[in-house]
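For reference, entry_29.txt (compact mmCIF, C-alpha atoms and all ligand atoms):
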# COMPACT_ATOMS: atom_id res chain seq x y z
CA MET A 9 -6.65 18.92 9.53
CA SER A 10 -5.26 20.71 6.50
CA PRO A 11 -4.83 18.41 3.53
CA SER A 12 -1.48 19.93 2.76
CA ALA A 13 1.95 19.17 4.12
CA ILE A 14 2.31 18.75 7.88
CA LEU A 15 6.06 19.31 7.87
CA PRO A 16 6.51 21.36 4.71
CA ASP A 17 9.49 23.48 5.57
CA LEU A 18 11.91 21.07 7.16
CA ALA A 19 15.40 21.35 5.75
CA LEU A 20 16.35 18.14 4.03
CA PRO A 21 19.81 16.62 4.10
CA PRO A 22 21.80 17.07 0.86
CA THR A 23 20.31 14.89 -1.84
CA ASN A 24 21.76 13.07 -4.75
CA PRO A 25 18.82 12.76 -7.12
CA GLU A 26 21.04 11.21 -9.81
CA SER A 27 21.80 8.19 -7.67
CA ALA A 28 18.15 7.92 -6.63
CA LEU A 29 17.14 7.77 -10.27
CA THR A 30 19.32 4.83 -11.21
CA THR A 31 18.00 1.34 -10.86
CA ALA A 32 19.23 0.07 -14.19
CA THR A 33 22.68 -0.66 -12.76
CA ALA A 34 23.30 -4.07 -11.21
CA PRO A 35 22.32 -3.72 -7.54
CA ALA A 36 24.80 -6.42 -6.53
CA ALA A 37 27.47 -3.70 -6.52
CA SER A 38 25.76 -1.99 -3.55
CA PRO A 39 26.15 -3.10 0.07
CA SER A 40 23.02 -4.82 1.41
CA PRO A 41 21.78 -2.05 3.76
CA SER A 42 21.72 0.49 0.92
CA LEU A 43 19.64 -1.94 -1.15
CA PHE A 44 16.85 -1.39 1.38
CA SER A 45 17.26 2.38 1.68
CA LEU A 46 14.57 4.79 0.53
CA ALA A 47 16.72 7.88 1.17
CA HIS A 48 15.98 10.88 -1.08
CA LYS A 49 12.77 9.24 -2.29
CA THR A 50 9.11 10.19 -1.75
CA THR A 51 6.51 7.42 -1.59
CA ILE A 52 2.74 7.79 -1.55
CA ILE A 53 0.71 5.38 0.56
CA THR A 54 -3.07 5.17 0.21
CA GLY A 55 -5.20 3.93 3.08
CA ALA A 56 -2.54 5.38 5.38
CA GLY A 57 -4.97 6.97 7.82
CA ARG A 58 -4.86 3.86 10.01
CA GLY A 59 -4.17 0.11 10.06
CA LEU A 60 -1.68 -1.45 7.69
CA GLY A 61 -1.22 1.74 5.65
CA ILE A 62 -0.08 3.96 8.52
CA THR A 63 2.31 1.21 9.67
CA LEU A 64 3.81 1.05 6.18
CA ALA A 65 4.22 4.84 6.29
CA ALA A 66 6.36 4.35 9.41
CA ALA A 67 8.38 1.72 7.54
CA VAL A 68 9.11 4.17 4.72
CA LEU A 69 10.30 6.81 7.21
CA GLU A 70 12.44 4.23 9.03
CA ALA A 71 14.03 3.33 5.69
CA GLY A 72 15.00 7.00 5.30
CA GLY A 73 12.28 8.00 2.83
CA HIS A 74 9.71 10.78 2.71
CA VAL A 75 6.09 9.71 2.88
CA ALA A 76 2.75 11.15 1.75
CA CYS A 77 -0.33 9.52 3.26
CA ILE A 78 -3.70 9.53 1.50
CA ASP A 79 -6.97 8.38 3.07
CA ILE A 80 -10.70 9.04 2.96
CA LEU A 81 -10.64 9.61 6.75
CA PRO A 82 -10.76 13.36 7.46
CA SER A 83 -7.77 12.95 9.75
CA PRO A 84 -5.42 10.07 10.53
CA SER A 85 -5.83 7.93 13.62
CA GLU A 86 -4.05 8.77 16.84
CA PRO A 87 -1.67 7.96 18.45
CA ASP A 88 -0.24 6.49 15.23
CA TRP A 89 -0.05 9.85 13.44
CA SER A 90 1.82 11.57 16.26
CA ALA A 91 4.22 8.63 16.32
CA LEU A 92 4.83 9.08 12.58
CA LEU A 93 5.59 12.77 13.00
CA ALA A 94 7.93 11.93 15.86
CA LEU A 95 9.82 9.61 13.51
CA ALA A 96 9.93 12.13 10.66
CA LYS A 97 10.97 15.29 12.47
CA PRO A 98 14.39 14.35 13.89
CA ALA A 99 15.29 12.57 10.65
CA HIS A 100 14.42 15.71 8.61
CA LEU A 101 11.91 13.71 6.60
CA THR A 102 8.60 14.94 5.22
CA CYS A 103 5.39 13.27 6.36
CA THR A 104 2.16 14.67 4.94
CA TYR A 105 -1.52 13.74 5.17
CA HIS A 106 -4.01 14.23 2.34
CA HIS A 107 -7.74 13.66 2.73
CA CYS A 108 -8.95 12.11 -0.52
CA ASP A 109 -11.19 9.38 -1.92
CA ILE A 110 -9.02 7.20 -4.19
CA THR A 111 -11.99 6.53 -6.49
CA ASN A 112 -12.32 10.23 -7.34
CA GLU A 113 -9.85 10.51 -10.21
CA PRO A 114 -9.68 14.33 -10.55
CA ALA A 115 -9.27 14.78 -6.78
CA LEU A 116 -6.64 12.02 -6.59
CA ALA A 117 -4.78 13.46 -9.58
CA ALA A 118 -4.67 16.87 -7.86
CA VAL A 119 -3.27 15.29 -4.68
CA PHE A 120 -0.62 13.38 -6.67
CA ALA A 121 0.37 16.60 -8.46
CA GLU A 122 0.67 18.42 -5.12
CA ILE A 123 2.82 15.63 -3.66
CA ALA A 124 5.01 15.41 -6.78
CA ALA A 125 5.56 19.19 -6.74
CA GLY A 126 6.42 19.04 -3.02
CA ALA A 127 8.93 16.25 -3.67
CA GLU A 128 10.56 18.29 -6.40
CA ARG A 129 10.79 21.39 -4.21
CA ALA A 130 12.39 19.32 -1.45
CA GLY A 131 14.93 17.80 -3.87
CA SER A 132 13.65 14.26 -3.46
CA VAL A 133 12.60 11.83 -6.18
CA PHE A 134 8.93 10.95 -6.56
CA TRP A 135 9.56 7.23 -6.22
CA GLY A 136 6.18 5.53 -6.33
CA ALA A 137 3.25 4.33 -4.31
CA VAL A 138 1.83 1.66 -2.07
CA ALA A 139 -1.85 1.13 -2.94
CA CYS A 140 -3.12 -0.02 0.43
CA ALA A 141 -6.61 1.49 0.72
CA GLY A 142 -9.26 -1.21 0.62
CA ILE A 143 -12.64 -2.21 2.01
CA GLN A 144 -14.21 -5.50 3.03
CA GLN A 145 -17.79 -6.73 3.37
CA LYS A 146 -19.19 -10.09 4.46
CA ILE A 147 -22.48 -11.06 2.78
CA PRO A 148 -23.48 -14.51 1.46
CA ALA A 149 -23.13 -14.61 -2.33
CA LEU A 150 -26.77 -15.59 -2.85
CA GLU A 151 -27.83 -12.34 -1.16
CA TYR A 152 -25.07 -10.01 -2.37
CA PRO A 153 -26.64 -6.77 -3.71
CA ALA A 154 -25.12 -5.63 -6.99
CA ALA A 155 -24.58 -2.10 -5.66
CA ASP A 156 -22.49 -3.41 -2.76
CA PHE A 157 -20.50 -5.66 -5.09
CA GLU A 158 -19.79 -2.69 -7.34
CA ARG A 159 -18.71 -0.52 -4.39
CA ILE A 160 -16.11 -3.10 -3.32
CA LEU A 161 -14.78 -3.36 -6.88
CA ARG A 162 -14.73 0.42 -7.23
CA VAL A 163 -12.53 0.98 -4.18
CA ASN A 164 -10.36 -2.16 -4.27
CA VAL A 165 -9.90 -2.45 -8.03
CA VAL A 166 -10.54 0.94 -9.65
CA GLY A 167 -9.00 2.86 -6.71
CA THR A 168 -5.89 0.67 -6.80
CA PHE A 169 -5.66 1.11 -10.56
CA LEU A 170 -5.94 4.91 -10.35
CA THR A 171 -3.24 5.00 -7.67
CA ALA A 172 -0.88 2.92 -9.83
CA LYS A 173 -1.73 4.80 -13.01
CA LEU A 174 -1.14 8.24 -11.50
CA ALA A 175 2.11 7.17 -9.81
CA ALA A 176 3.42 5.61 -13.02
CA GLY A 177 2.40 8.73 -14.96
CA VAL A 178 4.54 10.97 -12.75
CA MET A 179 7.45 8.50 -12.85
CA ARG A 180 7.39 8.14 -16.62
CA GLU A 181 7.22 11.91 -17.08
CA ARG A 182 10.29 12.34 -14.86
CA GLY A 183 12.24 9.31 -16.08
CA VAL A 184 12.14 7.70 -12.64
CA ARG A 185 12.58 3.93 -12.51
CA GLY A 186 10.47 3.60 -9.39
CA SER A 187 8.16 1.08 -7.78
CA VAL A 188 4.46 0.52 -7.22
CA VAL A 189 3.31 -1.93 -4.57
CA MET A 190 -0.31 -3.08 -4.51
CA ILE A 191 -1.71 -4.59 -1.34
CA ALA A 192 -3.69 -7.58 -2.59
CA SER A 193 -4.54 -10.49 -0.31
CA MET A 194 -4.22 -14.24 -0.04
CA SER A 195 -8.00 -13.99 -0.61
CA GLY A 196 -7.18 -13.27 -4.24
CA GLN A 197 -5.83 -16.81 -4.51
CA VAL A 198 -7.91 -18.86 -2.07
CA ALA A 199 -11.49 -18.67 -0.79
CA ASN A 200 -11.29 -18.19 2.97
CA ARG A 201 -13.18 -20.73 5.07
CA GLY A 202 -15.82 -19.11 7.26
CA LEU A 203 -15.87 -15.89 5.25
CA THR A 204 -18.63 -15.05 2.77
CA CYS A 205 -16.72 -12.31 0.98
CA THR A 206 -17.11 -13.02 -2.72
CA ALA A 207 -16.82 -9.38 -3.82
CA TYR A 208 -13.67 -8.81 -1.75
CA ASN A 209 -12.04 -12.03 -2.95
CA THR A 210 -12.93 -11.21 -6.55
CA SER A 211 -11.45 -7.72 -6.14
CA LYS A 212 -8.15 -9.04 -4.80
CA ALA A 213 -7.84 -11.59 -7.63
CA ALA A 214 -8.33 -8.63 -9.98
CA VAL A 215 -5.50 -6.77 -8.23
CA HIS A 216 -3.15 -9.73 -8.90
CA GLN A 217 -3.97 -9.70 -12.60
CA MET A 218 -3.85 -5.89 -12.74
CA CYS A 219 -0.31 -6.07 -11.33
CA ARG A 220 0.85 -8.49 -14.03
CA SER A 221 -0.87 -6.44 -16.75
CA VAL A 222 0.61 -3.05 -15.86
CA ALA A 223 4.02 -4.59 -15.08
CA GLN A 224 3.96 -5.89 -18.63
CA GLU A 225 3.18 -2.39 -19.95
CA TRP A 226 5.47 -0.33 -17.73
CA GLY A 227 8.61 -2.49 -17.62
CA GLN A 228 9.82 -0.58 -20.69
CA TYR A 229 10.01 2.57 -18.51
CA GLY A 230 11.83 0.75 -15.71
CA ILE A 231 8.73 1.05 -13.50
CA ARG A 232 8.21 -2.05 -11.36
CA VAL A 233 4.86 -3.23 -10.02
CA ASN A 234 4.38 -6.01 -7.48
CA THR A 235 1.71 -7.18 -5.04
CA ILE A 236 1.88 -8.20 -1.41
CA SER A 237 -0.69 -10.80 -0.38
CA PRO A 238 -1.22 -10.61 3.36
CA GLY A 239 -2.87 -13.36 5.34
CA TYR A 240 -5.07 -12.44 8.32
CA ILE A 241 -3.91 -9.27 10.09
CA ARG A 242 -5.37 -7.83 13.30
CA THR A 243 -6.54 -4.34 12.21
CA ALA A 244 -9.77 -2.33 12.50
CA MET A 245 -10.96 -4.16 9.36
CA THR A 246 -10.74 -7.61 10.95
CA ASP A 247 -11.51 -6.49 14.53
CA ASP A 248 -15.05 -5.52 13.53
CA LEU A 249 -15.59 -8.89 11.92
CA LEU A 250 -14.14 -10.88 14.82
CA LYS A 251 -16.19 -8.88 17.31
CA ALA A 252 -19.38 -9.78 15.43
CA GLU A 253 -18.38 -13.44 14.93
CA PRO A 254 -15.72 -14.50 17.45
CA GLU A 255 -15.89 -18.14 16.31
CA VAL A 256 -14.28 -17.12 12.98
CA GLU A 257 -10.95 -16.66 14.77
CA LYS A 258 -10.82 -20.41 15.51
CA ILE A 259 -11.13 -21.17 11.78
CA TRP A 260 -8.36 -18.69 10.99
CA MET A 261 -6.08 -20.01 13.71
CA ALA A 262 -6.50 -23.56 12.36
CA GLY A 263 -4.44 -22.48 9.34
CA ALA A 264 -1.93 -20.37 11.26
CA LEU A 265 1.25 -22.44 10.89
CA LEU A 266 3.16 -20.02 13.11
CA GLY A 267 0.48 -20.06 15.80
CA ARG A 268 -0.64 -16.45 15.41
CA LEU A 269 -2.46 -14.02 13.15
CA GLY A 270 -0.44 -11.30 11.45
CA ALA A 271 0.33 -7.82 12.80
CA PRO A 272 0.71 -4.74 10.57
CA GLU A 273 4.42 -4.70 11.48
CA ASP A 274 4.88 -8.06 9.70
CA PHE A 275 4.53 -6.17 6.41
CA LYS A 276 7.09 -3.41 6.98
CA ALA A 277 10.10 -5.30 5.63
CA PRO A 278 8.22 -6.84 2.67
CA ALA A 279 6.94 -3.39 1.61
CA VAL A 280 10.34 -1.70 1.99
CA PHE A 281 11.94 -4.56 0.03
CA LEU A 282 9.51 -4.17 -2.87
CA LEU A 283 9.89 -0.37 -2.90
CA SER A 284 13.67 -0.37 -2.72
CA GLU A 285 16.54 -1.19 -5.07
CA GLY A 286 16.87 -4.57 -3.35
CA SER A 287 14.02 -5.85 -5.52
CA ALA A 288 15.29 -4.20 -8.73
CA PHE A 289 14.84 -7.41 -10.75
CA MET A 290 11.34 -8.11 -9.46
CA THR A 291 8.20 -7.02 -11.27
CA GLY A 292 4.76 -8.50 -11.97
CA ALA A 293 5.24 -10.75 -8.94
CA ASP A 294 3.33 -11.50 -5.75
CA LEU A 295 4.89 -11.72 -2.30
CA ARG A 296 2.61 -13.80 -0.07
CA VAL A 297 3.08 -13.06 3.62
CA ASP A 298 0.46 -15.17 5.39
CA GLY A 299 2.07 -17.01 8.28
CA GLY A 300 1.92 -20.15 6.14
CA HIS A 301 -1.87 -20.09 5.81
CA CYS A 302 -1.96 -21.04 2.12
CA ALA A 303 0.71 -23.72 2.50
CA SER A 304 -1.61 -26.30 4.07
CA ALA A 305 -5.17 -27.42 3.41
N1 LIG B 1 -6.60 -6.93 7.74
C1 LIG B 1 -6.41 -8.03 7.04
O1 LIG B 1 -6.54 -9.16 7.55
C2 LIG B 1 -6.01 -7.94 5.60
C3 LIG B 1 -5.64 -9.11 4.94
C4 LIG B 1 -5.28 -9.07 3.60
C5 LIG B 1 -5.26 -7.85 2.93
N2 LIG B 1 -5.61 -6.72 3.59
C6 LIG B 1 -5.60 -5.48 2.82
O2 LIG B 1 -4.76 -4.54 3.45
C7 LIG B 1 -5.20 -3.22 3.15
C8 LIG B 1 -5.33 -2.42 4.44
O3 LIG B 1 -6.31 -3.03 5.25
P1 LIG B 1 -6.41 -2.79 6.83
O4 LIG B 1 -6.59 -4.13 7.46
O5 LIG B 1 -5.35 -1.87 7.29
O6 LIG B 1 -7.85 -2.10 6.86
P2 LIG B 1 -8.32 -0.70 7.49
O7 LIG B 1 -9.80 -0.67 7.25
O8 LIG B 1 -7.82 -0.54 8.86
O9 LIG B 1 -7.57 0.35 6.55
C9 LIG B 1 -8.00 0.63 5.24
C10 LIG B 1 -7.85 2.13 5.02
O10 LIG B 1 -8.29 2.43 3.69
C11 LIG B 1 -9.04 3.63 3.76
N3 LIG B 1 -9.95 3.73 2.63
C12 LIG B 1 -11.05 2.97 2.37
N4 LIG B 1 -11.68 3.40 1.27
C13 LIG B 1 -10.96 4.46 0.80
C14 LIG B 1 -11.12 5.34 -0.30
N5 LIG B 1 -12.15 5.21 -1.16
N6 LIG B 1 -10.21 6.31 -0.49
C15 LIG B 1 -9.18 6.46 0.38
N7 LIG B 1 -8.97 5.66 1.45
C16 LIG B 1 -9.86 4.67 1.66
C17 LIG B 1 -9.79 3.54 5.09
O11 LIG B 1 -10.28 4.80 5.52
C18 LIG B 1 -8.74 2.94 5.99
O12 LIG B 1 -7.98 3.92 6.63
C19 LIG B 1 -6.53 -3.38 2.40
O13 LIG B 1 -6.31 -3.27 1.01
C20 LIG B 1 -6.95 -4.78 2.75
O14 LIG B 1 -7.79 -5.36 1.79
C21 LIG B 1 -5.99 -6.73 4.91

Full structure transcribed into structure tokens:
Amino acid sequence: MSPSAILPDLALPPTNPESALTTATAPAASPSPSLFSLAHKTTIITGAGRGLGITLAAAVLEAGGHVACIDILPSPSEPDWSALLALAKPAHLTCTYHHCDITNEPALAAVFAEIAAGAERAGSVFWGAVACAGIQQKIPALEYPAADFERILRVNVVGTFLTAKLAAGVMRERGVRGSVVMIASMSGQVANRGLTCTAYNTSKAAVHQMCRSVAQEWGQYGIRVNTISPGYIRTAMTDDLLKAEPEVEKIWMAGALLGRLGAPEDFKAPAVFLLSEGSAFMTGADLRVDGGHCASA
């Protein structure tokens, strides 16, 4: 698949970039549905080749926004990708796929520049990013090889940082008061029973602190940064683990106050909320969406 735009030439509805640029005004003056709209805005989502990321790409399109998906997978998973295009086309929205490793800064910067230029050509505002790409590995801490530990930190921490840094760079250059959402995890706050994932947990705690740190630096530009901390979600990441160790599901379900594990769709509204004007007074914060897991011991 070509790394460039899938739907590059679709005519867009008339845009009002001025209104898309303003978040400094009190959002209370807007009716609630428009507070959740991403119309005329382009959002990048990393890790959007499958799983949670591709579901969040659908959420952006459903909220009226353009979406650019980045992933290390050579092509996005089917049938999810075809479903995304089917959402985008009739709504005259752009949905593009870019094959890239988020830890490769020059390559990622080139992809961001391409997406930002495409947004400009289409008359939409480069609005921000959801840093969703991440990896997981289960090894007991006493046996954890340093190289594996470093690989987890490189993708989950450095990759998330580069995504946020590049998005904020474009926004600051263009005077856009946009939003960055980092997908952290409840594992950044608690150590999961039955899971020997010290590197992963460490990486997600780092994402929480990274969020607060860059929010503190970028608030002056009107750029907001928040994290979402999911609980257990059924995706390819957890399916592999549960296949290898089915008994782990019992441990997870013991903390599931709503009687189920999460689905990627559970994170659509939280992500759209954090991206949109509805959360205009929220930055440096974490939104935990875990089915109550962390609420009981
Ligand atoms: N599944 C869960 O239970 C769960 C819980 C809490 C947090 N999360 C977080 O949610 C995010 C998405 O996880 P998921 O469950 O959809 O997993 P997933 O493995 O299905 O998706 C992760 C995506 O990231 C991509 N990716 C990995 N390394 C990359 C790199 N270097 N460059 C670009 N893309 C890369 C993968 O190719 C994959 O498409 C991750 O950050 C994960 O840590 C997941």

Task: Point-to-point distance in Å for CA of Val198 in chain A and atom C2 of ligand LIG 1 (chain B) - done: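 We find that atom C2 of ligand LIG 1 (chain B) and CA of Val198 in chain A lie 13.5 Å from each other.
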
- [ ] Give me the residues within 10 Å of Phe275 in chain A as a PyMOL selection string, counting only C-alpha atoms and dropping any in the same chain fewer than 2 places off.
- [x] chain A and resi 60-61+63-64+67+236-238+241+270-273+277-281+297-298

Output file for the residues above (C-alpha atoms, as a compact mmCIF listing (two decimals), keeping the file's coordinate frame):
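After the write, result19.txt holds the following:
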# COMPACT_ATOMS: atom_id res chain seq x y z
CA LEU A 60 -1.68 -1.45 7.69
CA GLY A 61 -1.22 1.74 5.65
CA THR A 63 2.31 1.21 9.67
CA LEU A 64 3.81 1.05 6.18
CA ALA A 67 8.38 1.72 7.54
CA ILE A 236 1.88 -8.20 -1.41
CA SER A 237 -0.69 -10.80 -0.38
CA PRO A 238 -1.22 -10.61 3.36
CA ILE A 241 -3.91 -9.27 10.09
CA GLY A 270 -0.44 -11.30 11.45
CA ALA A 271 0.33 -7.82 12.80
CA PRO A 272 0.71 -4.74 10.57
CA GLU A 273 4.42 -4.70 11.48
CA ALA A 277 10.10 -5.30 5.63
CA PRO A 278 8.22 -6.84 2.67
CA ALA A 279 6.94 -3.39 1.61
CA VAL A 280 10.34 -1.70 1.99
CA PHE A 281 11.94 -4.56 0.03
CA VAL A 297 3.08 -13.06 3.62
CA ASP A 298 0.46 -15.17 5.39

Task: Polymer residues at most 12 Å from Gly267 in chain A, all atoms listed in the file, same-chain spacing of 3 or more positions, as a ChimeraX atom specification - done: /A:257-258,260-264,270,298-301

Show me a table, sorted first by chain and then by increasing residue number, of the residues of chain A having an atom at most 6 Å from ligand LIG 1 (chain B), each with its shortest atom pair and the distance in Å to one decimal, counting only C-alpha atoms and all ligand atoms and written as a Markdown table.
| residue | atom | partner | partner_atom | distance |
| --- | --- | --- | --- | --- |
| A:Gly55 | CA | B:LIG1 | O10 | 3.5 |
| A:Ala56 | CA | B:LIG1 | O12 | 5.8 |
| A:Gly57 | CA | B:LIG1 | O12 | 4.4 |
| A:Arg58 | CA | B:LIG1 | O12 | 4.6 |
| A:Gly59 | CA | B:LIG1 | O5 | 3.6 |
| A:Leu60 | CA | B:LIG1 | O5 | 3.7 |
| A:Gly61 | CA | B:LIG1 | O5 | 5.7 |
| A:Asp79 | CA | B:LIG1 | N7 | 3.7 |
| A:Ile80 | CA | B:LIG1 | C15 | 4.0 |
| A:Leu81 | CA | B:LIG1 | O11 | 5.0 |
| A:Cys108 | CA | B:LIG1 | C15 | 5.7 |
| A:Asp109 | CA | B:LIG1 | N6 | 3.5 |
| A:Ile110 | CA | B:LIG1 | N6 | 4.0 |
| A:Thr111 | CA | B:LIG1 | N5 | 5.5 |
| A:Cys140 | CA | B:LIG1 | O13 | 4.6 |
| A:Ala141 | CA | B:LIG1 | O10 | 3.5 |
| A:Gly142 | CA | B:LIG1 | O13 | 3.6 |
| A:Ile143 | CA | B:LIG1 | C12 | 5.4 |
| A:Val163 | CA | B:LIG1 | N5 | 5.2 |
| A:Ile191 | CA | B:LIG1 | O13 | 5.3 |
| A:Ala192 | CA | B:LIG1 | C5 | 5.7 |
| A:Ser193 | CA | B:LIG1 | C4 | 4.2 |
| A:Pro238 | CA | B:LIG1 | C4 | 4.3 |
| A:Gly239 | CA | B:LIG1 | C3 | 5.1 |
| A:Tyr240 | CA | B:LIG1 | O1 | 3.7 |
| A:Ile241 | CA | B:LIG1 | O1 | 3.7 |
| A:Arg242 | CA | B:LIG1 | N1 | 5.8 |
| A:Thr243 | CA | B:LIG1 | O4 | 4.8 |
| A:Ala244 | CA | B:LIG1 | O8 | 4.5 |
| A:Met245 | CA | B:LIG1 | O7 | 4.2 |
| A:Thr246 | CA | B:LIG1 | N1 | 5.3 |

- [ ] List the neighbours of range 83-93 of chain A out to 12 Å using all atoms listed in the file; skip same-chain residues closer than 4 positions along the sequence, and give me the result as a PyMOL selection string.
- [x] chain A and resi 9-16+18+54-70+74-79+97-108+244

Task: CA of Met179 in chain A to CA of Gly131 in chain A, distance in Å rounded to a single decimal - done: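 Result for CA of Met179 in chain A versus CA of Gly131 in chain A: 14.9 Å, one decimal.
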
- [ ] Considering all atoms listed in the file, state which residue in the set A:Gln144, A:Ser38, A:Asn112, A:Asn234 is at the smallest distance from Gln217 in chain A.
- [x]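 Among A:Gln144, A:Ser38, A:Asn112, A:Asn234, it is A:Asn234 that comes nearest to Gln217 in chain A.
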
- [ ] For CA of Cys219 in chain A and CA of Gly196 in chain A, quote the distance in Å rounded to one decimal.
- [x]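 The value is 12.2 Å.
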
Which residues, written as a compact mmCIF listing (two decimals) with C-alpha atoms, keeping the file's coordinate frame, have at least one atom at most 10 Å from Pro41 in chain A, with all atoms listed in the file counted and residues fewer than 4 positions away on the same chain left out?
# COMPACT_ATOMS: atom_id res chain seq x y z
CA SER A 45 17.26 2.38 1.68
CA ALA A 71 14.03 3.33 5.69
CA GLY A 286 16.87 -4.57 -3.35

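Using all atoms listed in the file, the nearest neighbour of Tyr208 in chain A within the list A:Asn164, A:Ser304, A:Ser187, A:Gln228 is A:Asn164.
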